[in-house]
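Asker: So that we are looking at the same thing, I have put the structure below in structure tokens.
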Amino acid sequence: MKIHPLTLKDYDAIINLWKAAGLPFKPRGRDSKEAIARQMQENPDFFLGVFDENEQLIGVAILSCDGRKGWINRLAVHPKYQRRGIAKRLITEGEKTLRKRGVQIFCALIEDYNEISKSLFRKCGYVEHKDIIYFSKRDNEEV
Ligand SMILES: CC(C)(COP(=O)(O)OP(=O)(O)OC[C@H]1O[C@@H](n2cnc3c(N)ncnc32)[C@H](O)[C@@H]1OP(=O)(O)O)[C@@H](O)C(=O)NCCC(=O)NCCS
């Protein structure tokens with residue numbers, strides 16, 4: 001198993017992995033090929049992939065950084081490879097990458113129903129903030 005940055009050549013594999021894992025994504029918005037290409041160009045090290053011995057993509061995470069906090073987004077592991085510590089490894093690698101940008105606060109937005117993901121982030125030392133409600137404003141529903 002290897003972990004290394006992804007490139008645009010991996011785009012279809014990323015989409016297939018999100019589908020296999022049942023992770024919602026925005027194919028006409030921030031996860032479109034054009035949007036991902038732009039994000040990769042700006043921050044090539046923010047796209048982390050885990051590959052099996054046949055170079056098949058089995059885990060993915062997209063990092064982002066707003067200059068104050070670092071975010072772990074779109075984390076997914078292929079169902080056949082789940083529960084082997086791959087997500088934990090992606091989170092650790094993601095934090096390392098974000099620390100290089102000077103970030104000291106690491107965050108993730110998790111749907112309240114996603115007990116597995118909440119358990120994962122708790123295991124990785126993240127603290128849940130039940131008193132905070134996420135507000136957002138969108139130019140359209142696809143973004
Ligand atoms: C969430 C997800 C990425 C976890 O990937 P994973 O590689 O299986 O996770 P790990 O093996 O690193 O597990 C780490 C911890 O997560 C939790 N966890 C993982 N799978 C679990 C399961 N099936 N049931 C309960 N807890 C689970 C446990 O706390 C586990 O720690 P433990 O093994 O010491 O008990 C994976 O289940 C997935 O892709 N889910 C669908 C997409 C998704 O919901 N992504 C998160 C968006 S915020």
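Labels for the structure tokens follow display order: chains A, B, ..., residues from 1 in each chain, ligands from 1.
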Please find the residues contacting ligand 1 at a distance of at most 9 Å between atoms, with only C-alpha atoms and all ligand atoms counted, and report them as a ChimeraX atom specification.
Answerer: /A:17-18,20-24,59-61,72-79,81-91,108-111,114-124
Asker: Can I get the selection written as a compact mmCIF listing (two decimals), in the first residue's frame, with N, CA and C atoms?
Answerer:
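Now in out04.txt:
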# COMPACT_ATOMS: atom_id res chain seq x y z
N LEU A 17 -14.21 5.80 -6.91
CA LEU A 17 -14.01 5.46 -5.49
C LEU A 17 -15.09 6.12 -4.62
N TRP A 18 -15.38 7.38 -4.89
CA TRP A 18 -16.45 8.06 -4.12
C TRP A 18 -17.77 7.32 -4.31
N ALA A 20 -18.19 4.11 -5.13
CA ALA A 20 -18.12 2.80 -4.46
C ALA A 20 -18.31 2.94 -2.96
N ALA A 21 -17.78 4.03 -2.40
CA ALA A 21 -17.86 4.24 -0.95
C ALA A 21 -19.20 4.87 -0.55
N GLY A 22 -19.98 5.32 -1.54
CA GLY A 22 -21.27 5.94 -1.25
C GLY A 22 -21.13 7.35 -0.70
N LEU A 23 -20.07 8.02 -1.10
CA LEU A 23 -19.84 9.39 -0.61
C LEU A 23 -20.46 10.40 -1.57
N PRO A 24 -21.33 11.27 -1.08
CA PRO A 24 -21.90 12.29 -1.97
C PRO A 24 -20.81 13.25 -2.46
N GLY A 59 -8.06 4.71 -1.59
CA GLY A 59 -8.39 5.70 -0.55
C GLY A 59 -8.08 7.09 -1.06
N VAL A 60 -8.89 8.05 -0.66
CA VAL A 60 -8.68 9.42 -1.13
C VAL A 60 -9.06 10.43 -0.04
N ALA A 61 -8.36 11.56 -0.04
CA ALA A 61 -8.75 12.70 0.81
C ALA A 61 -8.32 13.97 0.08
N ILE A 72 -10.08 18.59 6.11
CA ILE A 72 -9.99 17.29 5.46
C ILE A 72 -11.35 17.00 4.84
N ASN A 73 -11.36 16.89 3.53
CA ASN A 73 -12.62 16.79 2.79
C ASN A 73 -12.68 15.51 1.96
N ARG A 74 -13.90 15.09 1.65
CA ARG A 74 -14.14 14.00 0.68
C ARG A 74 -13.31 12.76 0.94
N LEU A 75 -13.19 12.43 2.22
CA LEU A 75 -12.42 11.26 2.62
C LEU A 75 -13.22 10.00 2.30
N ALA A 76 -12.60 9.06 1.61
CA ALA A 76 -13.30 7.80 1.31
C ALA A 76 -12.30 6.67 1.14
N VAL A 77 -12.72 5.49 1.55
CA VAL A 77 -11.91 4.27 1.39
C VAL A 77 -12.80 3.24 0.71
N HIS A 78 -12.25 2.54 -0.26
CA HIS A 78 -13.03 1.52 -0.97
C HIS A 78 -13.55 0.47 0.02
N PRO A 79 -14.84 0.09 -0.10
CA PRO A 79 -15.43 -0.84 0.88
C PRO A 79 -14.60 -2.10 1.11
N TYR A 81 -11.55 -2.38 1.31
CA TYR A 81 -10.33 -2.10 2.08
C TYR A 81 -10.60 -1.36 3.39
N GLN A 82 -11.89 -1.24 3.71
CA GLN A 82 -12.20 -0.49 4.93
C GLN A 82 -11.81 -1.27 6.19
N ARG A 83 -11.71 -0.53 7.29
CA ARG A 83 -11.40 -1.09 8.60
C ARG A 83 -10.00 -1.68 8.69
N ARG A 84 -9.08 -1.08 7.87
CA ARG A 84 -7.68 -1.51 7.95
C ARG A 84 -6.77 -0.35 8.31
N GLY A 85 -7.35 0.75 8.76
CA GLY A 85 -6.53 1.88 9.19
C GLY A 85 -6.16 2.84 8.07
N ILE A 86 -6.75 2.66 6.87
CA ILE A 86 -6.37 3.51 5.73
C ILE A 86 -6.83 4.96 5.94
N ALA A 87 -8.05 5.13 6.44
CA ALA A 87 -8.54 6.50 6.67
C ALA A 87 -7.70 7.20 7.73
N LYS A 88 -7.34 6.46 8.78
CA LYS A 88 -6.50 7.06 9.83
C LYS A 88 -5.19 7.53 9.23
N ARG A 89 -4.64 6.71 8.32
CA ARG A 89 -3.37 7.05 7.69
C ARG A 89 -3.53 8.30 6.82
N LEU A 90 -4.65 8.38 6.09
CA LEU A 90 -4.89 9.56 5.26
C LEU A 90 -5.01 10.82 6.10
N ILE A 91 -5.67 10.69 7.25
CA ILE A 91 -5.82 11.86 8.14
C ILE A 91 -4.46 12.29 8.67
N ALA A 108 -12.98 18.95 10.10
CA ALA A 108 -13.75 18.19 9.12
C ALA A 108 -15.22 18.47 9.37
N LEU A 109 -15.98 18.56 8.30
CA LEU A 109 -17.44 18.67 8.43
C LEU A 109 -18.01 17.28 8.20
N ILE A 110 -18.78 16.82 9.15
CA ILE A 110 -19.31 15.45 9.08
C ILE A 110 -20.82 15.49 9.28
N GLU A 111 -21.54 14.82 8.40
CA GLU A 111 -23.00 14.73 8.55
C GLU A 111 -23.30 14.04 9.89
N ASN A 114 -23.46 10.26 10.19
CA ASN A 114 -22.31 9.44 9.80
C ASN A 114 -21.50 9.00 11.02
N GLU A 115 -22.06 8.01 11.73
CA GLU A 115 -21.45 7.55 12.99
C GLU A 115 -20.04 7.01 12.77
N ILE A 116 -19.82 6.34 11.64
CA ILE A 116 -18.49 5.76 11.38
C ILE A 116 -17.45 6.87 11.27
N SER A 117 -17.80 7.89 10.49
CA SER A 117 -16.86 8.98 10.30
C SER A 117 -16.64 9.75 11.62
N LYS A 118 -17.71 9.92 12.39
CA LYS A 118 -17.54 10.61 13.69
C LYS A 118 -16.62 9.80 14.59
N SER A 119 -16.79 8.48 14.58
CA SER A 119 -15.95 7.62 15.40
C SER A 119 -14.49 7.70 14.92
N LEU A 120 -14.31 7.69 13.60
CA LEU A 120 -12.97 7.80 13.02
C LEU A 120 -12.25 9.07 13.48
N PHE A 121 -12.93 10.21 13.34
CA PHE A 121 -12.28 11.48 13.70
C PHE A 121 -12.04 11.57 15.21
N ARG A 122 -12.97 11.02 16.00
CA ARG A 122 -12.73 11.00 17.47
C ARG A 122 -11.46 10.21 17.77
N LYS A 123 -11.33 9.05 17.10
CA LYS A 123 -10.14 8.20 17.30
C LYS A 123 -8.86 8.96 16.95
N CYS A 124 -8.98 9.87 15.98
CA CYS A 124 -7.80 10.64 15.53
C CYS A 124 -7.60 11.89 16.38
Asker: Pull the alpha helix (DSSP H) assignments for region 24-87 of chain A out of DSSP run on the backbone, and list those residues as a list in words.
Answerer: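 Selecting the alpha helix (DSSP H) positions of region 24-87 of chain A gives Lys33, Glu34, Ala35, Ile36, Ala37, Arg38, Gln39, Met40, Gln41, Glu42, Ile86 and Ala87 of chain A.
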Asker: Show me a table, sorted first by chain and then by increasing residue number, of the residues of region 36-73 of chain A having an atom at most 10 Å from region 98-101 of chain A, each with its shortest atom pair and the distance in Å to one decimal, counting only C-alpha atoms and written as a tab-separated table.
Answerer:
residue	atom	partner	partner_atom	distance
A:Asp45	CA	A:Leu98	CA	9.3
A:Phe46	CA	A:Leu98	CA	8.3
A:Leu63	CA	A:Leu98	CA	7.8
A:Ser64	CA	A:Leu98	CA	8.2
A:Cys65	CA	A:Leu98	CA	7.4
A:Gly67	CA	A:Arg101	CA	8.0
A:Arg68	CA	A:Arg101	CA	9.8
A:Lys69	CA	A:Leu98	CA	8.7
A:Gly70	CA	A:Leu98	CA	6.1
A:Trp71	CA	A:Leu98	CA	8.5
A:Ile72	CA	A:Leu98	CA	9.5
Asker: Quick one: distance from CA of Glu128 (chain A) to CA of Tyr113 (chain A) in Å, one decimal?
Answerer: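 Calculated distance between CA of Glu128 (chain A) and CA of Tyr113 (chain A) is 13.5 Å.
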Asker: Calculated over only C-alpha atoms, which of the candidates A:Pro44, A:Gly102, A:Lys33, A:Arg38 has the smallest distance to Asp66 (chain A)?
Answerer: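 Looking only at the distances to Asp66 (chain A), the closest residue turns out to be A:Gly102.
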Asker: Where in chain A does DSSP assign strand (DSSP E), given as a list in words?
Answerer: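 Filtering chain A down to strand (DSSP E) leaves Lys2, Ile3, His4, Pro5, Phe47, Leu48, Gly49, Val50, Phe51, Leu57, Ile58, Gly59, Val60, Ala61, Ile62, Leu63, Ser64, Cys65, Gly70, Trp71, Ile72, Asn73, Arg74, Leu75, Ala76, Val77, Phe106 and Cys107 of chain A.
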Asker: Report the distance between CA of Lys2 (chain A) and CA of Glu42 (chain A) in Å, rounded to one decimal place.
Answerer: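 So the answer is 23.5 Å.
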Asker: Provide the CA of Lys96 (chain A) to CA of Gln56 (chain A) distance in Å, to one decimal place.
Answerer: 23.5 Å
Asker: Which residue, A:Ile36, A:Ile105, A:Ile133, A:Val127, has the smallest gap to Asp12 (chain A) when you use only C-alpha atoms?
Answerer: A:Ile36
Asker: Which of these, A:His4, A:Lys19, A:Arg28, A:Lys130, has the shortest distance to Asp52 (chain A) once you count only C-alpha atoms?
Answerer: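 Distance minimum relative to Asp52 (chain A) lands on A:His4.
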